[in-house]
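Trainee: Sharing coords.txt below, compact mmCIF, C-alpha atoms and all ligand atoms:
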# COMPACT_ATOMS: atom_id res chain seq x y z
CA MET A 1 8.53 1.53 -16.75
CA GLU A 2 5.94 0.14 -19.14
CA THR A 3 5.44 2.10 -22.31
CA ASP A 4 2.95 1.95 -25.15
CA LEU A 5 3.75 1.63 -28.87
CA PHE A 6 4.84 5.24 -28.99
CA GLY A 7 7.14 5.06 -25.99
CA ASN A 8 4.76 6.84 -23.64
CA ARG A 9 4.35 5.36 -20.21
CA ARG A 10 0.90 4.01 -19.52
CA ASP A 11 -1.25 5.62 -16.90
CA GLU A 12 -4.66 4.12 -16.27
CA PRO A 13 -7.22 6.45 -14.76
CA LEU A 14 -9.40 4.79 -12.10
CA ALA A 15 -11.51 7.74 -10.97
CA ASP A 16 -11.17 11.47 -10.50
CA GLY A 17 -8.03 11.62 -8.29
CA ALA A 18 -6.99 8.00 -8.78
CA MET A 19 -4.77 6.21 -11.30
CA ILE A 20 -2.56 3.20 -11.87
CA LEU A 21 1.00 4.02 -12.93
CA ARG A 22 2.04 0.85 -14.72
CA GLY A 23 5.63 -0.18 -14.07
CA PHE A 24 6.48 3.05 -12.26
CA ALA A 25 8.43 1.21 -9.52
CA LEU A 26 10.42 -1.13 -11.76
CA ASP A 27 14.23 -1.05 -11.78
CA ARG A 28 14.59 -0.08 -8.13
CA ASP A 29 15.80 -2.50 -5.47
CA LEU A 30 12.76 -2.15 -3.27
CA VAL A 31 12.61 -5.83 -2.29
CA GLY A 32 16.12 -5.70 -0.81
CA LEU A 33 15.13 -2.67 1.25
CA VAL A 34 12.01 -4.48 2.48
CA ALA A 35 14.19 -7.39 3.63
CA ALA A 36 16.40 -5.03 5.64
CA ILE A 37 13.36 -3.42 7.26
CA ALA A 38 11.86 -6.82 8.09
CA HIS A 39 15.14 -7.84 9.71
CA ALA A 40 14.70 -5.03 12.27
CA ALA A 41 10.89 -5.05 12.44
CA PRO A 42 9.68 -8.55 11.51
CA PHE A 43 6.52 -9.25 9.54
CA ARG A 44 3.78 -10.34 11.92
CA GLN A 45 0.08 -11.12 11.93
CA MET A 46 -1.79 -8.50 13.91
CA LEU A 47 -5.13 -8.96 15.67
CA THR A 48 -8.32 -7.17 14.71
CA PRO A 49 -10.09 -5.29 17.52
CA GLY A 50 -12.41 -8.32 17.62
CA GLY A 51 -9.45 -10.63 18.31
CA LYS A 52 -9.14 -12.29 14.89
CA LYS A 53 -5.74 -12.80 13.25
CA ILE A 54 -5.28 -10.68 10.13
CA GLY A 55 -4.18 -12.90 7.20
CA VAL A 56 -1.83 -10.34 5.66
CA GLU A 57 1.51 -10.12 7.47
CA MET A 58 2.57 -6.55 8.20
CA THR A 59 5.42 -4.35 9.26
CA ASN A 60 6.18 -0.64 8.84
CA CYS A 61 8.92 1.86 8.27
CA GLY A 62 9.01 5.59 8.85
CA PRO A 63 8.18 7.76 11.88
CA LEU A 64 4.70 6.22 12.24
CA GLY A 65 3.54 2.65 11.81
CA TRP A 66 -0.02 1.36 11.37
CA ILE A 67 -1.04 -1.25 13.91
CA SER A 68 -4.14 -3.16 14.92
CA ASP A 69 -4.86 -4.94 18.19
CA ARG A 70 -7.65 -5.34 20.74
CA ARG A 71 -7.52 -1.59 21.33
CA GLY A 72 -8.23 -0.73 17.70
CA TYR A 73 -6.55 0.53 14.55
CA ARG A 74 -4.04 3.35 14.91
CA TYR A 75 -0.57 4.68 14.16
CA GLU A 76 2.23 4.28 16.71
CA THR A 77 5.80 5.58 16.81
CA LEU A 78 7.09 2.37 18.44
CA ASP A 79 6.86 -1.18 17.13
CA PRO A 80 4.92 -3.10 19.81
CA LEU A 81 6.85 -6.27 18.92
CA THR A 82 10.33 -4.87 19.54
CA GLY A 83 9.58 -1.81 21.69
CA LYS A 84 11.80 0.19 19.33
CA ALA A 85 11.08 2.90 16.79
CA TRP A 86 10.08 1.59 13.36
CA PRO A 87 13.02 1.41 10.92
CA ALA A 88 13.70 4.63 9.06
CA MET A 89 12.04 5.08 5.69
CA PRO A 90 14.71 4.53 3.01
CA GLN A 91 15.42 7.52 0.77
CA ALA A 92 14.56 5.38 -2.25
CA PHE A 93 11.06 4.77 -0.80
CA LEU A 94 10.50 8.45 -0.11
CA ALA A 95 11.72 9.47 -3.55
CA LEU A 96 9.51 6.92 -5.31
CA ALA A 97 6.41 7.86 -3.30
CA ARG A 98 6.98 11.53 -3.95
CA GLN A 99 7.57 11.03 -7.67
CA ALA A 100 4.51 8.84 -8.07
CA ALA A 101 2.28 11.28 -6.19
CA GLY A 102 3.65 14.17 -8.23
CA HIS A 103 3.06 12.26 -11.46
CA ALA A 104 -0.56 11.75 -10.42
CA GLY A 105 -0.98 15.46 -9.69
CA PHE A 106 -0.30 15.59 -5.94
CA ALA A 107 2.71 17.84 -5.35
CA ASP A 108 4.87 17.80 -2.21
CA PHE A 109 3.76 14.43 -0.85
CA THR A 110 5.74 13.79 2.33
CA PRO A 111 4.76 10.41 3.75
CA ASP A 112 5.49 9.78 7.42
CA ALA A 113 4.30 6.17 7.35
CA CYS A 114 4.86 3.18 5.10
CA LEU A 115 2.81 0.09 5.86
CA ILE A 116 4.35 -3.02 4.31
CA ASN A 117 1.91 -5.84 3.58
CA ARG A 118 2.97 -9.37 2.71
CA TYR A 119 0.45 -11.71 1.11
CA ALA A 120 0.84 -15.47 0.80
CA PRO A 121 -1.39 -17.43 -1.58
CA GLY A 122 -4.89 -17.75 -0.12
CA VAL A 123 -4.68 -14.40 1.69
CA LYS A 124 -6.85 -11.38 0.84
CA MET A 125 -7.60 -7.91 2.13
CA GLY A 126 -11.31 -7.13 2.36
CA LEU A 127 -12.85 -3.90 1.09
CA HIS A 128 -11.98 -0.97 3.36
CA GLN A 129 -11.21 2.74 3.39
CA ASP A 130 -7.88 4.13 4.62
CA ARG A 131 -9.15 6.48 7.31
CA ASP A 132 -6.91 6.12 10.36
CA GLU A 133 -4.78 9.08 9.28
CA ALA A 134 -5.02 12.48 10.99
CA GLY A 135 -6.14 14.15 7.74
CA PHE A 136 -7.07 13.23 4.20
CA ASP A 137 -5.40 16.03 2.25
CA ALA A 138 -2.51 13.83 1.14
CA PRO A 139 -2.97 10.91 -1.26
CA ILE A 140 -2.25 7.23 -0.69
CA VAL A 141 0.58 5.79 -2.78
CA SER A 142 0.55 2.01 -3.10
CA VAL A 143 3.36 -0.04 -4.67
CA SER A 144 2.95 -3.66 -5.78
CA LEU A 145 5.89 -6.09 -5.80
CA GLY A 146 6.08 -9.77 -6.67
CA LEU A 147 3.08 -11.95 -7.43
CA PRO A 148 0.19 -10.31 -9.27
CA ALA A 149 -3.04 -9.58 -7.43
CA VAL A 150 -6.52 -8.38 -8.27
CA PHE A 151 -7.20 -4.94 -6.78
CA GLN A 152 -10.78 -3.85 -6.24
CA PHE A 153 -11.44 -0.15 -6.43
CA GLY A 154 -14.86 1.33 -5.76
CA GLY A 155 -16.39 4.63 -4.76
CA LEU A 156 -16.87 6.62 -1.56
CA ASP A 157 -19.87 4.55 -0.53
CA ARG A 158 -19.32 0.92 0.44
CA LYS A 159 -22.23 -0.03 -1.79
CA ASP A 160 -20.78 1.66 -4.90
CA ALA A 161 -19.79 -0.68 -7.71
CA VAL A 162 -16.17 -1.87 -7.61
CA ARG A 163 -13.97 -2.52 -10.60
CA ARG A 164 -11.20 -5.08 -10.70
CA HIS A 165 -7.69 -4.33 -11.92
CA GLU A 166 -4.73 -6.67 -11.99
CA LEU A 167 -1.70 -5.18 -10.22
CA ARG A 168 1.68 -6.55 -11.25
CA HIS A 169 5.25 -6.21 -10.05
CA GLY A 170 6.30 -2.56 -10.24
CA ASP A 171 2.82 -1.05 -10.60
CA VAL A 172 1.91 1.94 -8.43
CA VAL A 173 -1.60 3.11 -7.56
CA VAL A 174 -2.23 6.64 -6.34
CA TRP A 175 -5.56 7.81 -4.93
CA GLY A 176 -6.24 11.18 -3.35
CA GLY A 177 -8.36 14.31 -3.54
CA PRO A 178 -11.94 13.30 -4.39
CA ALA A 179 -10.90 9.61 -4.37
CA ARG A 180 -8.97 9.67 -1.08
CA LEU A 181 -11.64 7.74 0.82
CA ALA A 182 -12.48 5.29 -1.94
CA TRP A 183 -13.22 1.71 -0.87
CA HIS A 184 -10.59 -0.77 -2.00
CA GLY A 185 -9.29 -4.26 -1.35
CA ILE A 186 -7.32 -7.22 -2.68
CA LEU A 187 -8.89 -10.51 -3.78
CA THR A 188 -7.50 -13.82 -2.54
CA LEU A 189 -3.93 -14.20 -3.84
CA LYS A 190 -3.39 -17.04 -6.31
CA PRO A 191 -0.42 -19.39 -5.87
CA GLY A 192 2.66 -18.68 -7.95
CA ALA A 193 6.31 -17.75 -7.79
CA HIS A 194 7.96 -14.48 -8.72
CA PRO A 195 11.72 -13.98 -9.20
CA ALA A 196 11.73 -10.90 -6.94
CA THR A 197 9.65 -12.12 -4.00
CA GLY A 198 9.22 -15.89 -4.25
CA GLN A 199 5.77 -17.15 -3.38
CA THR A 200 4.49 -13.85 -2.02
CA ARG A 201 3.20 -10.45 -2.97
CA ILE A 202 4.50 -7.39 -1.16
CA ASN A 203 2.68 -4.07 -1.07
CA LEU A 204 4.01 -0.78 0.24
CA THR A 205 1.46 1.88 1.15
CA PHE A 206 2.72 5.34 1.81
CA ARG A 207 0.58 7.68 3.86
CA GLN A 208 0.79 10.99 5.57
CA ALA A 209 -0.59 9.71 8.85
CA GLY A 210 0.24 12.38 11.43
CA GLN A 211 -0.53 16.09 11.61
CA ARG A 212 1.33 18.15 9.05
C1 LIG A 301 -4.00 -1.69 1.46
O1 LIG A 301 -5.11 -1.30 1.11
O2 LIG A 301 -3.46 -1.30 2.51
C2 LIG A 301 -3.21 -2.67 0.62
C3 LIG A 301 -3.59 -2.70 -0.81
C4 LIG A 301 -2.70 -3.64 -1.58
O3 LIG A 301 -2.17 -4.62 -1.00
O4 LIG A 301 -2.49 -3.44 -2.78
FE FE2 A 302 -5.94 0.32 2.22
Represent the supplied structure as structure tokens.
Mentor:
Amino acid sequence: METDLFGNRRDEPLADGAMILRGFALDRDLVGLVAAIAHAAPFRQMLTPGGKKIGVEMTNCGPLGWISDRRGYRYETLDPLTGKAWPAMPQAFLALARQAAGHAGFADFTPDACLINRYAPGVKMGLHQDRDEAGFDAPIVSVSLGLPAVFQFGGLDRKDAVRRHELRHGDVVVWGGPARLAWHGILTLKPGAHPATGQTRINLTFRQAGQR
């Protein structure tokens, strides 16, 4: 965990209900757990409803998985690639997501979905809102691993100004409450190599996607 001169960990407020928890996910073997999940549910490029390939490669773990295809964006209990349930969410994922949400002021976060995004250099994720979930009471908890990326975080209106923040290995972003539907995205990933993930960036986003 990153600390300041006085040994306090650094939290960076982004907006009311949103903050970056620098280094909150360090010292946990999350990358090894991602590899095990991807062994059972491989990373793949999904199609947008318009039929375009999404640049970011994705897989999921937990009871629900986010998917996109010609029929739209939604959560499904089965992986369309394997026909099987998504791999279980590791306890270490659940614990981290819950601790991060609690630290940001959202008690009792119980994610039922973890979307795993893998970015290669040259890949980006355009500005969007996370709004395919059944409700918006629970926050989003987003964990960055591997290569650094520039995160854009704006307001509730697509036209609101966005600010840019570099996210590095082990950083966690939490947004919920009044910021739950904030627009956000990732700028084109720059080439590089990271000891934990090689020439990629991995992002875990925890959501409560189904009915509570
Ligand atoms: C997302 O918005 O689902 C991903 C954000 C990120 O990769 O940090
Ligand atoms: Fe998102």
Trainee: Residues within 8 Å of ligand LIG 301 (chain A), counting only C-alpha atoms and all ligand atoms: report them as a list in words.
Mentor: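 These are the residues that qualify: Leu115, Asn117, Arg118, Tyr119, Met125, His128, Gln129, Asp130, Ser142, Val143, Ser144, Ala149, Phe151, Leu167, His184, Gly185, Ile186, Ile202, Asn203, Leu204 and Thr205 of chain A.
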Trainee: Counting all atoms listed in the file, what is within 12 Å of Leu181 (chain A), bar same-chain residues fewer than 4 positions away, as a PDB file with C-alpha atoms, keeping the file's coordinate frame?
Mentor:
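As a result, out-v1.pdb now contains:
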ATOM      1  CA  ALA A  15     -11.510   7.740 -10.970  1.00  0.00           C
ATOM      2  CA  ASP A  16     -11.170  11.470 -10.500  1.00  0.00           C
ATOM      3  CA  GLY A  17      -8.030  11.620  -8.290  1.00  0.00           C
ATOM      4  CA  ALA A  18      -6.990   8.000  -8.780  1.00  0.00           C
ATOM      5  CA  LEU A 127     -12.850  -3.900   1.090  1.00  0.00           C
ATOM      6  CA  HIS A 128     -11.980  -0.970   3.360  1.00  0.00           C
ATOM      7  CA  GLN A 129     -11.210   2.740   3.390  1.00  0.00           C
ATOM      8  CA  ASP A 130      -7.880   4.130   4.620  1.00  0.00           C
ATOM      9  CA  ARG A 131      -9.150   6.480   7.310  1.00  0.00           C
ATOM     10  CA  ASP A 132      -6.910   6.120  10.360  1.00  0.00           C
ATOM     11  CA  GLU A 133      -4.780   9.080   9.280  1.00  0.00           C
ATOM     12  CA  GLY A 135      -6.140  14.150   7.740  1.00  0.00           C
ATOM     13  CA  PHE A 136      -7.070  13.230   4.200  1.00  0.00           C
ATOM     14  CA  ASP A 137      -5.400  16.030   2.250  1.00  0.00           C
ATOM     15  CA  ALA A 138      -2.510  13.830   1.140  1.00  0.00           C
ATOM     16  CA  PRO A 139      -2.970  10.910  -1.260  1.00  0.00           C
ATOM     17  CA  ILE A 140      -2.250   7.230  -0.690  1.00  0.00           C
ATOM     18  CA  PHE A 153     -11.440  -0.150  -6.430  1.00  0.00           C
ATOM     19  CA  GLY A 154     -14.860   1.330  -5.760  1.00  0.00           C
ATOM     20  CA  GLY A 155     -16.390   4.630  -4.760  1.00  0.00           C
ATOM     21  CA  LEU A 156     -16.870   6.620  -1.560  1.00  0.00           C
ATOM     22  CA  ASP A 157     -19.870   4.550  -0.530  1.00  0.00           C
ATOM     23  CA  ARG A 158     -19.320   0.920   0.440  1.00  0.00           C
ATOM     24  CA  VAL A 174      -2.230   6.640  -6.340  1.00  0.00           C
ATOM     25  CA  TRP A 175      -5.560   7.810  -4.930  1.00  0.00           C
ATOM     26  CA  GLY A 176      -6.240  11.180  -3.350  1.00  0.00           C
ATOM     27  CA  GLY A 177      -8.360  14.310  -3.540  1.00  0.00           C
TER      28      GLY A 177
END
Trainee: From the options A:Asp160, A:Asp108, A:Glu57, A:Glu12, which residue's atoms come nearest to Phe24 (chain A), counting only C-alpha atoms?
Mentor: A:Glu12
Trainee: Return the single residue from A:Phe93, A:Ala36, A:Phe106, A:Val150 that is closest to Pro178 (chain A), with distances computed using all atoms listed in the file.
Mentor: A:Phe106
Trainee: List the spatial neighbours of Ala40 (chain A) as an mmCIF file with C-alpha atoms, in the frame of the given file - criterion: any atom at most 9 Å away, all atoms listed in the file, same-chain residues fewer than 5 positions off excluded.
Mentor:
data_model
loop_
_atom_site.group_PDB
_atom_site.id
_atom_site.type_symbol
_atom_site.label_atom_id
_atom_site.label_comp_id
_atom_site.auth_asym_id
_atom_site.auth_seq_id
_atom_site.Cartn_x
_atom_site.Cartn_y
_atom_site.Cartn_z
ATOM 1 C CA ALA A 35 14.190 -7.390 3.630
ATOM 2 C CA THR A 82 10.330 -4.870 19.540
ATOM 3 C CA TRP A 86 10.080 1.590 13.360
ATOM 4 C CA PRO A 87 13.020 1.410 10.920
#
Trainee: Using all atoms listed in the file, which of A:Arg71, A:His103, A:Lys124, A:His165 sits nearest Thr188 (chain A)?
Mentor: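 Smallest distance to Thr188 (chain A) is found for A:Lys124.
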Trainee: Out of A:Arg180, A:Arg212, A:Lys190, A:His169, which residue has the shortest atom-to-atom distance to ligand FE2 302 (chain A) when counting all atoms listed in the file?
Mentor: A:Arg180
Trainee: Which is closest to Val123 (chain A) among A:Ile37, A:Gly55, A:Ala88, A:Leu94, if we use all atoms listed in the file?
Mentor: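 The answer is A:Gly55, which sits nearest to Val123 (chain A).
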Trainee: Select, from A:Gly62, A:Val141, A:Gly146, A:Trp183, the residue with the minimum atom-to-atom distance to Val162 (chain A), counting all atoms listed in the file.
Mentor: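 Selected residue with least distance to Val162 (chain A): A:Trp183.
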Trainee: Contacts of Leu78 (chain A) at 12 Å or less, counting all atoms listed in the file, minus same-chain residues fewer than 4 places along, as a list in words?
Mentor: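 Here the qualifying residues turn out to be Ala41, Thr59, Asn60, Cys61, Gly62, Pro63, Leu64, Gly65, Trp66, Ile67, Arg74, Thr82, Gly83, Lys84, Ala85, Trp86, Pro87 and Ala88 of chain A.
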Trainee: If we count all atoms listed in the file, what is near Asp69 (chain A) at a cut-off of 7 Å, once residues fewer than 5 positions away on the same chain are taken out, given as an NGL selection string?
Mentor: :A and (46-49)
Trainee: Please measure the separation of CA of Arg164 (chain A) and CA of Val34 (chain A), giving the value in Å to one decimal.
Mentor: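 Spanning CA of Arg164 (chain A) to CA of Val34 (chain A) is a straight-line distance of 26.7 Å.
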Trainee: One decimal, Å: what's the distance from CA of Gly23 (chain A) over to CA of Pro42 (chain A), could you say?
Mentor: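 For CA of Gly23 (chain A) relative to CA of Pro42 (chain A), the distance reads 27.2 Å.
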Trainee: Please, what distance in Å, to one decimal, runs between CA of Arg168 (chain A) and CA of Tyr75 (chain A)?
Mentor: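 CA of Tyr75 (chain A) lies at a distance of 27.9 Å from CA of Arg168 (chain A).
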Trainee: Counting all atoms listed in the file, what is within 6 Å of Met58 (chain A), bar same-chain residues fewer than 6 positions away, as a list in words?
Mentor: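 These residues fall inside the cut-off: Phe43, Arg44, Ile116 and Asn117 of chain A.
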Trainee: For region 53-64 of chain A, supply all heavy atoms and format the output as a tab-separated table (two decimals), in the coordinates of the input.
Mentor:
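Below is the file that was written, result26.tsv:
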chain	number	residue	atom	x	y	z
A	53	LYS	N	-7.03	-13.02	13.89
A	53	LYS	CA	-5.74	-12.80	13.25
A	53	LYS	C	-5.93	-12.27	11.84
A	53	LYS	O	-6.68	-12.85	11.06
A	53	LYS	CB	-4.98	-14.11	13.18
A	53	LYS	CG	-3.72	-14.14	13.98
A	53	LYS	CD	-2.95	-15.41	13.72
A	53	LYS	CE	-2.09	-15.74	14.92
A	53	LYS	NZ	-1.45	-17.04	14.79
A	54	ILE	N	-5.23	-11.21	11.49
A	54	ILE	CA	-5.28	-10.68	10.13
A	54	ILE	C	-4.39	-11.56	9.25
A	54	ILE	O	-3.26	-11.88	9.61
A	54	ILE	CB	-4.80	-9.21	10.11
A	54	ILE	CG1	-5.75	-8.34	10.94
A	54	ILE	CG2	-4.66	-8.69	8.68
A	54	ILE	CD1	-5.34	-6.88	11.09
A	55	GLY	N	-4.91	-11.98	8.08
A	55	GLY	CA	-4.18	-12.90	7.20
A	55	GLY	C	-2.91	-12.29	6.62
A	55	GLY	O	-1.88	-12.96	6.50
A	56	VAL	N	-2.99	-11.03	6.24
A	56	VAL	CA	-1.83	-10.34	5.66
A	56	VAL	C	-0.82	-10.09	6.78
A	56	VAL	O	-1.18	-9.65	7.86
A	56	VAL	CB	-2.27	-8.99	5.06
A	56	VAL	CG1	-1.09	-8.24	4.47
A	56	VAL	CG2	-3.35	-9.20	3.99
A	57	GLU	N	0.45	-10.41	6.49
A	57	GLU	CA	1.51	-10.12	7.47
A	57	GLU	C	1.98	-8.69	7.23
A	57	GLU	O	2.11	-8.26	6.09
A	57	GLU	CB	2.68	-11.07	7.28
A	57	GLU	CG	2.31	-12.52	7.54
A	57	GLU	CD	3.51	-13.41	7.28
A	57	GLU	OE1	3.86	-13.58	6.09
A	57	GLU	OE2	4.10	-13.88	8.25
A	58	MET	N	2.27	-7.97	8.32
A	58	MET	CA	2.57	-6.55	8.20
A	58	MET	C	3.79	-6.12	9.00
A	58	MET	O	4.10	-6.70	10.04
A	58	MET	CB	1.37	-5.73	8.70
A	58	MET	CG	0.10	-5.99	7.92
A	58	MET	SD	-1.31	-5.13	8.64
A	58	MET	CE	-2.56	-5.53	7.42
A	59	THR	N	4.45	-5.11	8.49
A	59	THR	CA	5.42	-4.35	9.26
A	59	THR	C	5.37	-2.92	8.72
A	59	THR	O	4.53	-2.61	7.87
A	59	THR	CB	6.83	-4.98	9.20
A	59	THR	OG1	7.69	-4.25	10.09
A	59	THR	CG2	7.42	-4.96	7.81
A	60	ASN	N	6.22	-2.05	9.24
A	60	ASN	CA	6.18	-0.64	8.84
A	60	ASN	C	7.59	-0.08	8.81
A	60	ASN	O	8.49	-0.58	9.48
A	60	ASN	CB	5.42	0.19	9.89
A	60	ASN	CG	3.92	-0.10	9.94
A	60	ASN	OD1	3.15	0.48	9.18
A	60	ASN	ND2	3.50	-0.99	10.82
A	61	CYS	N	7.74	1.03	8.09
A	61	CYS	CA	8.92	1.86	8.27
A	61	CYS	C	8.48	3.31	8.24
A	61	CYS	O	7.38	3.63	7.77
A	61	CYS	CB	9.99	1.57	7.22
A	61	CYS	SG	9.51	2.01	5.54
A	62	GLY	N	9.34	4.17	8.77
A	62	GLY	CA	9.01	5.59	8.85
A	62	GLY	C	8.67	5.97	10.28
A	62	GLY	O	8.59	5.11	11.16
A	63	PRO	N	8.45	7.27	10.52
A	63	PRO	CA	8.18	7.76	11.88
A	63	PRO	C	6.94	7.13	12.52
A	63	PRO	O	6.90	6.93	13.73
A	63	PRO	CB	7.99	9.26	11.70
A	63	PRO	CG	8.69	9.61	10.43
A	63	PRO	CD	8.60	8.38	9.55
A	64	LEU	N	5.93	6.81	11.70
A	64	LEU	CA	4.70	6.22	12.24
A	64	LEU	C	4.43	4.89	11.58
A	64	LEU	O	4.67	4.70	10.39
A	64	LEU	CB	3.51	7.17	11.99
A	64	LEU	CG	3.51	8.48	12.78
A	64	LEU	CD1	2.40	9.40	12.27
A	64	LEU	CD2	3.33	8.20	14.28
